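Participant: Can you keep this structure in mind? I'll have questions shortly.
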Amino acid sequence: MEHPSTHRDGETIAPITHLTPVAEDADQASLLGAAVLAAFGAAALAVDALGRAVRAASGVDERPNEPSTPSGAATAVGAAAALTLAMGRSMAKAAAAAGRGAAFAANVAVEAGPPALRRFRDDVGRRATDLDATWREERSDADEIARRIGAALLPETVAAVLDTLDLTAIVVDRVDLDRVIEEVDLDVAVRRVDIEAVVDRVDLQAIVDRIDLDAVAARIDVDRIVERVDLDGVIERIDVVGIARSVIEQLDLASLIRESTEAVTTESIEGVRVHSANADRYVQHLVDAILRRRPPEGDG
Amino acid sequence: MAELVSALPREARDLQGATAGIVSRLLAGAVDYAVTALLLVALWVGAHGVRFLLRPRTFSWEDIEWPGTVGAFLIVLTLYLAFGWATTGRTVGDQVLGLRVLSSSGGRIHPLVALGRGAFYALVPLGLLWSAVDAHRRSVQDLLLRTTVVYDWTHRVPRGADHA
């Protein structure tokens with residue numbers, strides 16, 4: 001399982017997974033080289049960032065859109081890194097060769113030496129195996145502890161970092177918001193919003209209380225609105241007759257008209273009419289009773 | 001067209017259009033008899049006035065002869081009733097009692113029908129009494145001439161006579 005990735009110097013280094021303890025057969029030289037490279041790379045970035053911060057703090061103007069050129073400090077660190085890396089690589093190769101030679105020599109010596117030496121070697125081997133087994137058993141606990149420490153430290157660390165950053169400015173500077181908005185399907189988002197719930201949570205009365213309705217009304221051109229209203233259509237749709245009838249019923253306009261016009265029908269004549277109509281009804285009932293007839297519909 | 005606003009008292013609104021009963025019609029008939037009597041007196045006085053103007057010297061009040069007077073009364077009554085029913089559907093008696101005579105279709109009755117009805121009532125006034133017995137308050141005249149008498153306190157004149 002080899003996942004080589006190419007570094008900017010054209011040198012092949014092991015992927016990061018090979019830096020973990022489980023990669024038992026990792027090449028020592030590659031490991032060392034990658035570690036040194038990473039350390040110096042980080043140092044170079046840090047120095048570069050520090051230099052920019054110092055320049056910004058001291059008021060030296062740096063045009064933001066211009067591609068940044070490596071500073072003197074970063075160049076010096078980079079050179080030192082390259083030099084150290086070359087040395088380290090040579091030393092690692094030499095150490096690996098020496099280790100292999102020493103191991104071979106030690107093995108030969110033990111095999112050729114007294115039996116006590118072989119027992120010692122086997123004893124050391126067993127102890128190493130036991131230690132390895134113990135480590136493997138406790139490794140999960142160690143991982144869990146490390147994870148918990150990380151979980152405890154991470155939020156505070158992130159919060160401290162975020163406190164120093166102006167995220168809004170970063171988003172505005174670095175994010176192409178137009179493109180983001182183009183990518184977002186707002187219809188889907190709106191469909192997922194429970195408008196009813198939102199409205200329920202809004203205190204509309206409080207909002208209305210805060211609005212100066214008089215000021216709003218003063219700005220409305222009522223004449224223009226009325227001009228646009230189809231009043232004829234509205235009136236056609238209104239049951240004017242029904243409204244008028246109910247109003248007149250309430251006012252008893254009929255009696256007012258009767259009083260004011262003094263028509264032929266006077267109250268005395270009305271009285272005669274009502275009484276005679278009642279007498280009609282009475283006679284009808286009487287005759288119906290005598291003839292044992294059910295009164296016809298509508299004749300009372 | 002239905003009347004939009006009724007000027008009638010509330011207790012009378014339900015009556016409108018219903019067939020009138022015997023008491024109202026008898027009272028209307030009594031009023032009409034009185035009116036006819038007044039008309040007859042007026043005619044009698046008027047006729048004597050004309051005679052006085054034409055021949056003042058020979059003028060004298062004539063004796064009242066009952067057969068002729070009754071005949072004249074019946075004729076005047078017939079014409080008076082027919083005129084009222086054929087024009088507005090009501091006589092003075094009907095007007096007082098709030099009645100109106102209509103054809104079976106609800107319109108004004110034909111003048112000939114009105115004349116026949118007037119004559120019938122003048123000759124056989126007892127035919128009115130059948131309206132007390134009839135289930136639909138129709139008199140003998142109503143049954144034969146297909147007319148009806150309804151309560152109608154309004155002043156609107158019914159639509160034209162039926163010429164069927």
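Note on naming: chains are A, B, ... as they come in the structure tokens, residues start from 1 per chain, ligands start from 1 in the order shown.
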Residues near Val149 (chain B), anyone? I mean within 7 Å using only C-alpha atoms, not counting same-chain ones fewer than 6 positions away, as a list in words.

Facilitator: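 The contact residues come out as Thr19, Ala20, Leu99, Arg100, Val101 and Leu102 of chain B.
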
Participant: Show me, as a list of chain:residue names, the residues that have an atom within 8 Å of Arg137 (chain B) when counting only C-alpha atoms, minus same-chain residues fewer than 2 positions from it.

Facilitator: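 Residues near the query, excluding close chain neighbours: B:Thr19, B:Ala20, B:Gly21, B:Ile22, B:Trp130, B:Ser131, B:Ala132, B:Val133, B:Asp134, B:Ala135, B:Ser139.
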
Participant: Write out the residues from the selection above, keeping all heavy atoms, as a PDB file, in the first residue's frame.

Facilitator:
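The resulting out13.pdb:
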```pdb
ATOM      1  N   THR B  19    -106.183  36.160  -0.010  1.00  0.00           N
ATOM      2  CA  THR B  19    -107.594  36.319  -0.393  1.00  0.00           C
ATOM      3  C   THR B  19    -108.381  36.915   0.787  1.00  0.00           C
ATOM      4  O   THR B  19    -108.229  36.477   1.922  1.00  0.00           O
ATOM      5  CB  THR B  19    -108.192  34.949  -0.757  1.00  0.00           C
ATOM      6  OG1 THR B  19    -107.310  34.317  -1.684  1.00  0.00           O
ATOM      7  CG2 THR B  19    -109.555  35.115  -1.379  1.00  0.00           C
ATOM      8  N   ALA B  20    -109.198  37.928   0.458  1.00  0.00           N
ATOM      9  CA  ALA B  20    -109.925  38.631   1.515  1.00  0.00           C
ATOM     10  C   ALA B  20    -111.098  37.791   2.000  1.00  0.00           C
ATOM     11  O   ALA B  20    -111.666  36.989   1.258  1.00  0.00           O
ATOM     12  CB  ALA B  20    -110.407  39.971   0.993  1.00  0.00           C
ATOM     13  N   GLY B  21    -111.438  37.993   3.269  1.00  0.00           N
ATOM     14  CA  GLY B  21    -112.513  37.218   3.880  1.00  0.00           C
ATOM     15  C   GLY B  21    -113.854  37.942   3.829  1.00  0.00           C
ATOM     16  O   GLY B  21    -113.963  39.066   3.313  1.00  0.00           O
ATOM     17  N   ILE B  22    -114.852  37.280   4.371  1.00  0.00           N
ATOM     18  CA  ILE B  22    -116.235  37.733   4.244  1.00  0.00           C
ATOM     19  C   ILE B  22    -116.488  39.074   4.946  1.00  0.00           C
ATOM     20  O   ILE B  22    -117.204  39.933   4.419  1.00  0.00           O
ATOM     21  CB  ILE B  22    -117.197  36.629   4.780  1.00  0.00           C
ATOM     22  CG1 ILE B  22    -118.661  37.057   4.658  1.00  0.00           C
ATOM     23  CG2 ILE B  22    -116.887  36.310   6.233  1.00  0.00           C
ATOM     24  CD1 ILE B  22    -119.143  37.113   3.241  1.00  0.00           C
ATOM     25  N   TRP B 130    -121.167  33.182  -0.014  1.00  0.00           N
ATOM     26  CA  TRP B 130    -120.485  31.906  -0.257  1.00  0.00           C
ATOM     27  C   TRP B 130    -118.987  31.985   0.101  1.00  0.00           C
ATOM     28  O   TRP B 130    -118.356  30.987   0.420  1.00  0.00           O
ATOM     29  CB  TRP B 130    -120.668  31.476  -1.715  1.00  0.00           C
ATOM     30  CG  TRP B 130    -120.073  30.122  -2.002  1.00  0.00           C
ATOM     31  CD1 TRP B 130    -118.954  29.841  -2.703  1.00  0.00           C
ATOM     32  CD2 TRP B 130    -120.565  28.866  -1.531  1.00  0.00           C
ATOM     33  NE1 TRP B 130    -118.700  28.510  -2.736  1.00  0.00           N
ATOM     34  CE2 TRP B 130    -119.701  27.864  -2.007  1.00  0.00           C
ATOM     35  CE3 TRP B 130    -121.689  28.487  -0.754  1.00  0.00           C
ATOM     36  CZ2 TRP B 130    -119.885  26.521  -1.740  1.00  0.00           C
ATOM     37  CZ3 TRP B 130    -121.856  27.137  -0.498  1.00  0.00           C
ATOM     38  CH2 TRP B 130    -120.966  26.169  -0.982  1.00  0.00           C
ATOM     39  N   SER B 131    -118.476  33.198   0.081  1.00  0.00           N
ATOM     40  CA  SER B 131    -117.047  33.335   0.387  1.00  0.00           C
ATOM     41  C   SER B 131    -116.746  32.979   1.839  1.00  0.00           C
ATOM     42  O   SER B 131    -115.597  32.706   2.188  1.00  0.00           O
ATOM     43  CB  SER B 131    -116.576  34.768   0.097  1.00  0.00           C
ATOM     44  OG  SER B 131    -117.249  35.674   0.954  1.00  0.00           O
ATOM     45  N   ALA B 132    -117.794  32.971   2.690  1.00  0.00           N
ATOM     46  CA  ALA B 132    -117.564  32.558   4.071  1.00  0.00           C
ATOM     47  C   ALA B 132    -117.431  31.044   4.166  1.00  0.00           C
ATOM     48  O   ALA B 132    -116.763  30.522   5.054  1.00  0.00           O
ATOM     49  CB  ALA B 132    -118.709  33.048   4.960  1.00  0.00           C
ATOM     50  N   VAL B 133    -118.059  30.344   3.235  1.00  0.00           N
ATOM     51  CA  VAL B 133    -118.072  28.889   3.288  1.00  0.00           C
ATOM     52  C   VAL B 133    -116.953  28.294   2.432  1.00  0.00           C
ATOM     53  O   VAL B 133    -116.346  27.289   2.798  1.00  0.00           O
ATOM     54  CB  VAL B 133    -119.453  28.365   2.807  1.00  0.00           C
ATOM     55  CG1 VAL B 133    -119.504  26.853   2.853  1.00  0.00           C
ATOM     56  CG2 VAL B 133    -120.562  28.985   3.644  1.00  0.00           C
ATOM     57  N   ASP B 134    -116.691  28.951   1.307  1.00  0.00           N
ATOM     58  CA  ASP B 134    -115.701  28.405   0.368  1.00  0.00           C
ATOM     59  C   ASP B 134    -114.318  28.325   1.022  1.00  0.00           C
ATOM     60  O   ASP B 134    -113.900  29.230   1.750  1.00  0.00           O
ATOM     61  CB  ASP B 134    -115.637  29.310  -0.872  1.00  0.00           C
ATOM     62  CG  ASP B 134    -114.751  28.723  -1.938  1.00  0.00           C
ATOM     63  OD1 ASP B 134    -115.154  27.749  -2.596  1.00  0.00           O
ATOM     64  OD2 ASP B 134    -113.617  29.246  -2.092  1.00  0.00           O
ATOM     65  N   ALA B 135    -113.645  27.221   0.719  1.00  0.00           N
ATOM     66  CA  ALA B 135    -112.326  27.007   1.330  1.00  0.00           C
ATOM     67  C   ALA B 135    -111.332  28.062   0.883  1.00  0.00           C
ATOM     68  O   ALA B 135    -110.389  28.383   1.614  1.00  0.00           O
ATOM     69  CB  ALA B 135    -111.809  25.619   0.974  1.00  0.00           C
ATOM     70  N   SER B 139    -116.514  33.958  -3.683  1.00  0.00           N
ATOM     71  CA  SER B 139    -117.964  34.125  -3.730  1.00  0.00           C
ATOM     72  C   SER B 139    -118.498  33.403  -4.967  1.00  0.00           C
ATOM     73  O   SER B 139    -117.711  32.911  -5.791  1.00  0.00           O
ATOM     74  CB  SER B 139    -118.313  35.612  -3.796  1.00  0.00           C
ATOM     75  OG  SER B 139    -117.832  36.149  -5.016  1.00  0.00           O
TER      76      SER B 139
END
```

Participant: I'd like the neighbourhood of Gly116 (chain B) as an MDAnalysis selection string, where a residue qualifies if any of its atoms comes within 10 Å (using only C-alpha atoms), though same-chain residues fewer than 2 positions away should be ignored.

Facilitator: chainID B and resid 78:79 81:82 110:114 118:122 141 145

Participant: Determine, counting only C-alpha atoms, which protein, DNA and RNA residues have an atom within 7 Å of an atom of Thr148 (chain B); residues of the same chain fewer than 2 positions away are not included. Present the result as a PyMOL selection string.

Facilitator: chain B and resi 101-104+138+142+146+150

Participant: Residues of the last selection are to be written out with C-alpha atoms, as a PDB file, in the first residue's frame.

Facilitator:
```pdb
ATOM      1  CA  VAL B 101    -110.383  42.657  -7.290  1.00  0.00           C
ATOM      2  CA  LEU B 102    -108.091  40.760  -9.625  1.00  0.00           C
ATOM      3  CA  SER B 103    -108.469  38.250 -12.410  1.00  0.00           C
ATOM      4  CA  SER B 104    -107.469  34.647 -11.792  1.00  0.00           C
ATOM      5  CA  ARG B 138    -114.480  32.716  -3.282  1.00  0.00           C
ATOM      6  CA  ASP B 142    -115.752  34.841  -8.155  1.00  0.00           C
ATOM      7  CA  ARG B 146    -112.911  33.552 -12.237  1.00  0.00           C
ATOM      8  CA  VAL B 150    -107.214  40.106  -2.185  1.00  0.00           C
TER       9      VAL B 150
END
```

Participant: Pull out every residue of chain A that has at least one atom within 6 Å of chain B, counting only C-alpha atoms, and report them as a PyMOL selection string.

Facilitator: chain A and resi 254+273+276+280

Participant: Enumerate, as an MDAnalysis selection string, the complete set of residues in region 164-271 of chain A that a backbone-based DSSP assignment places in helix (DSSP H, G or I).

Facilitator: chainID A and resid 164 167:174 177:183 186:192 195:201 204:210 213:218 222:228 231:237 240:251 253:261 267:271

Participant: To one decimal place in Å, what is the distance between CA of Arg293 (chain A) and CA of Gln16 (chain B)?

Facilitator: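 We find that CA of Arg293 (chain A) and CA of Gln16 (chain B) lie 24.0 Å from each other.
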
Participant: CA of Asp152 (chain B) and CA of Gly89 (chain B), how far apart in Å?

Facilitator: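 Distance reported for this atom pair: 10.2 Å.
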
Participant: At a cut-off of 12 Å, using only C-alpha atoms, what residues contact Trp44 (chain B)? Leave out same-chain residues fewer than 3 positions from it and give the result as a PyMOL selection string.

Facilitator: chain B and resi 36-41+47-51+61-64+68-69+72-73+76

Participant: Of the candidates B:Arg159, B:Gly29, B:Val124, B:Gly17, which shows the shortest atom-to-atom distance to Asp94 (chain B), using only C-alpha atoms?

Facilitator: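 Smallest distance to Asp94 (chain B) is found for B:Gly29.
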
Participant: For Arg294 (chain A), find every residue with an atom within 10 Å (counting only C-alpha atoms), except residues of its own chain fewer than 4 positions away, and show them as a list of chain:residue names.

Facilitator: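 That gives A:His285, A:Asp288, A:Ala289, B:Ala135.
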
Participant: Determine, counting only C-alpha atoms, which protein, DNA and RNA residues have an atom within 12 Å of an atom of region 120-132 of chain A; residues of the same chain fewer than 3 positions away are not included. Present the result as a VMD selection string.

Facilitator: chain A and resid 21 to 22 106 to 107 109 to 111 113 to 117 135 to 139

Participant: What would the file look like if the residues just selected were written as a PDB file, in the first residue's frame with N, CA, C and O atoms?

Facilitator:
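File produced: result05.pdb:
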```
ATOM      1  N   PRO A  21       2.531   5.210  14.146  1.00  0.00           N
ATOM      2  CA  PRO A  21       3.317   4.091  14.675  1.00  0.00           C
ATOM      3  C   PRO A  21       2.987   2.768  14.016  1.00  0.00           C
ATOM      4  O   PRO A  21       3.801   1.852  14.054  1.00  0.00           O
ATOM      5  N   VAL A  22       1.808   2.594  13.447  1.00  0.00           N
ATOM      6  CA  VAL A  22       1.469   1.297  12.852  1.00  0.00           C
ATOM      7  C   VAL A  22       2.290   1.019  11.616  1.00  0.00           C
ATOM      8  O   VAL A  22       2.415  -0.111  11.187  1.00  0.00           O
ATOM      9  N   ALA A 106      25.799  -7.862  15.211  1.00  0.00           N
ATOM     10  CA  ALA A 106      25.327  -8.330  16.508  1.00  0.00           C
ATOM     11  C   ALA A 106      24.701  -9.699  16.380  1.00  0.00           C
ATOM     12  O   ALA A 106      24.910 -10.576  17.222  1.00  0.00           O
ATOM     13  N   ASN A 107      23.950  -9.909  15.320  1.00  0.00           N
ATOM     14  CA  ASN A 107      23.300 -11.195  15.109  1.00  0.00           C
ATOM     15  C   ASN A 107      24.319 -12.307  14.941  1.00  0.00           C
ATOM     16  O   ASN A 107      24.189 -13.376  15.546  1.00  0.00           O
ATOM     17  N   ALA A 109      27.372 -12.229  16.007  1.00  0.00           N
ATOM     18  CA  ALA A 109      28.090 -12.410  17.259  1.00  0.00           C
ATOM     19  C   ALA A 109      27.274 -13.247  18.230  1.00  0.00           C
ATOM     20  O   ALA A 109      27.806 -14.141  18.897  1.00  0.00           O
ATOM     21  N   VAL A 110      25.998 -12.991  18.291  1.00  0.00           N
ATOM     22  CA  VAL A 110      25.155 -13.745  19.237  1.00  0.00           C
ATOM     23  C   VAL A 110      25.050 -15.200  18.815  1.00  0.00           C
ATOM     24  O   VAL A 110      25.143 -16.097  19.654  1.00  0.00           O
ATOM     25  N   GLU A 111      24.857 -15.403  17.487  1.00  0.00           N
ATOM     26  CA  GLU A 111      24.734 -16.787  17.021  1.00  0.00           C
ATOM     27  C   GLU A 111      26.000 -17.563  17.278  1.00  0.00           C
ATOM     28  O   GLU A 111      25.965 -18.737  17.622  1.00  0.00           O
ATOM     29  N   GLY A 113      28.267 -16.712  19.614  1.00  0.00           N
ATOM     30  CA  GLY A 113      28.681 -16.593  21.007  1.00  0.00           C
ATOM     31  C   GLY A 113      28.140 -17.702  21.882  1.00  0.00           C
ATOM     32  O   GLY A 113      27.544 -18.663  21.390  1.00  0.00           O
ATOM     33  N   PRO A 114      28.327 -17.569  23.204  1.00  0.00           N
ATOM     34  CA  PRO A 114      27.864 -18.603  24.156  1.00  0.00           C
ATOM     35  C   PRO A 114      26.334 -18.660  24.191  1.00  0.00           C
ATOM     36  O   PRO A 114      25.651 -17.694  23.853  1.00  0.00           O
ATOM     37  N   PRO A 115      25.781 -19.820  24.628  1.00  0.00           N
ATOM     38  CA  PRO A 115      24.307 -19.978  24.672  1.00  0.00           C
ATOM     39  C   PRO A 115      23.644 -18.943  25.588  1.00  0.00           C
ATOM     40  O   PRO A 115      22.503 -18.546  25.347  1.00  0.00           O
ATOM     41  N   ALA A 116      24.368 -18.509  26.631  1.00  0.00           N
ATOM     42  CA  ALA A 116      23.767 -17.526  27.547  1.00  0.00           C
ATOM     43  C   ALA A 116      23.405 -16.248  26.812  1.00  0.00           C
ATOM     44  O   ALA A 116      22.390 -15.623  27.082  1.00  0.00           O
ATOM     45  N   LEU A 117      24.259 -15.899  25.879  1.00  0.00           N
ATOM     46  CA  LEU A 117      24.001 -14.670  25.092  1.00  0.00           C
ATOM     47  C   LEU A 117      22.747 -14.820  24.231  1.00  0.00           C
ATOM     48  O   LEU A 117      21.923 -13.911  24.123  1.00  0.00           O
ATOM     49  N   TRP A 135       1.373  -2.425  25.112  1.00  0.00           N
ATOM     50  CA  TRP A 135       1.134  -1.141  24.418  1.00  0.00           C
ATOM     51  C   TRP A 135      -0.097  -1.220  23.530  1.00  0.00           C
ATOM     52  O   TRP A 135      -0.943  -0.357  23.523  1.00  0.00           O
ATOM     53  N   ARG A 136      -0.189  -2.389  22.831  1.00  0.00           N
ATOM     54  CA  ARG A 136      -1.340  -2.519  21.935  1.00  0.00           C
ATOM     55  C   ARG A 136      -2.641  -2.549  22.744  1.00  0.00           C
ATOM     56  O   ARG A 136      -3.668  -2.032  22.302  1.00  0.00           O
ATOM     57  N   GLU A 137      -2.618  -3.214  23.916  1.00  0.00           N
ATOM     58  CA  GLU A 137      -3.840  -3.265  24.741  1.00  0.00           C
ATOM     59  C   GLU A 137      -4.225  -1.880  25.243  1.00  0.00           C
ATOM     60  O   GLU A 137      -5.396  -1.527  25.274  1.00  0.00           O
ATOM     61  N   GLU A 138      -3.184  -1.127  25.684  1.00  0.00           N
ATOM     62  CA  GLU A 138      -3.492   0.156  26.305  1.00  0.00           C
ATOM     63  C   GLU A 138      -3.638   1.287  25.288  1.00  0.00           C
ATOM     64  O   GLU A 138      -3.979   2.408  25.654  1.00  0.00           O
ATOM     65  N   ARG A 139      -3.370   0.905  24.029  1.00  0.00           N
ATOM     66  CA  ARG A 139      -3.365   1.972  23.034  1.00  0.00           C
ATOM     67  C   ARG A 139      -4.749   2.625  22.870  1.00  0.00           C
ATOM     68  O   ARG A 139      -4.876   3.828  22.733  1.00  0.00           O
TER      69      ARG A 139
END
```

Participant: Hey, what does DSSP flag as strand (DSSP E) within region 26-156 of chain B? Can you give it to me as a PyMOL selection string?

Facilitator: chain B and resi 99-103+147-151

Participant: How would the residues just chosen look if you wrote them out with N, CA and C atoms as an mmCIF file, in the first residue's frame?

Facilitator:
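Generated file (again_34.cif):
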```
data_model
loop_
_atom_site.group_PDB
_atom_site.id
_atom_site.type_symbol
_atom_site.label_atom_id
_atom_site.label_comp_id
_atom_site.auth_asym_id
_atom_site.auth_seq_id
_atom_site.Cartn_x
_atom_site.Cartn_y
_atom_site.Cartn_z
ATOM 1 N N LEU B 99 -108.909 46.394 -0.178
ATOM 2 C CA LEU B 99 -109.127 45.208 -1.009
ATOM 3 C C LEU B 99 -108.896 45.563 -2.472
ATOM 4 N N ARG B 100 -108.692 44.531 -3.271
ATOM 5 C CA ARG B 100 -108.579 44.747 -4.714
ATOM 6 C C ARG B 100 -109.092 43.511 -5.435
ATOM 7 N N VAL B 101 -109.833 43.756 -6.505
ATOM 8 C CA VAL B 101 -110.383 42.657 -7.290
ATOM 9 C C VAL B 101 -109.431 42.380 -8.457
ATOM 10 N N LEU B 102 -109.053 41.135 -8.578
ATOM 11 C CA LEU B 102 -108.091 40.760 -9.625
ATOM 12 C C LEU B 102 -108.655 39.595 -10.426
ATOM 13 N N SER B 103 -108.103 39.427 -11.623
ATOM 14 C CA SER B 103 -108.469 38.250 -12.410
ATOM 15 C C SER B 103 -107.757 37.038 -11.814
ATOM 16 N N THR B 147 -112.709 35.405 -10.767
ATOM 17 C CA THR B 147 -112.035 36.575 -10.184
ATOM 18 C C THR B 147 -111.681 36.247 -8.737
ATOM 19 N N THR B 148 -110.919 37.122 -8.170
ATOM 20 C CA THR B 148 -110.520 36.920 -6.777
ATOM 21 C C THR B 148 -110.370 38.291 -6.117
ATOM 22 N N VAL B 149 -110.590 38.309 -4.823
ATOM 23 C CA VAL B 149 -110.468 39.564 -4.065
ATOM 24 C C VAL B 149 -109.362 39.373 -3.022
ATOM 25 N N VAL B 150 -108.366 40.262 -3.089
ATOM 26 C CA VAL B 150 -107.214 40.106 -2.185
ATOM 27 C C VAL B 150 -107.062 41.365 -1.327
ATOM 28 N N TYR B 151 -106.354 41.184 -0.211
ATOM 29 C CA TYR B 151 -105.934 42.341 0.577
ATOM 30 C C TYR B 151 -104.820 43.042 -0.193
#
```

Participant: Could you check how far CA of Ala97 (chain A) sits from CA of Thr84 (chain A), in Å to one decimal?

Facilitator: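 Those two atoms sit 19.6 Å apart.
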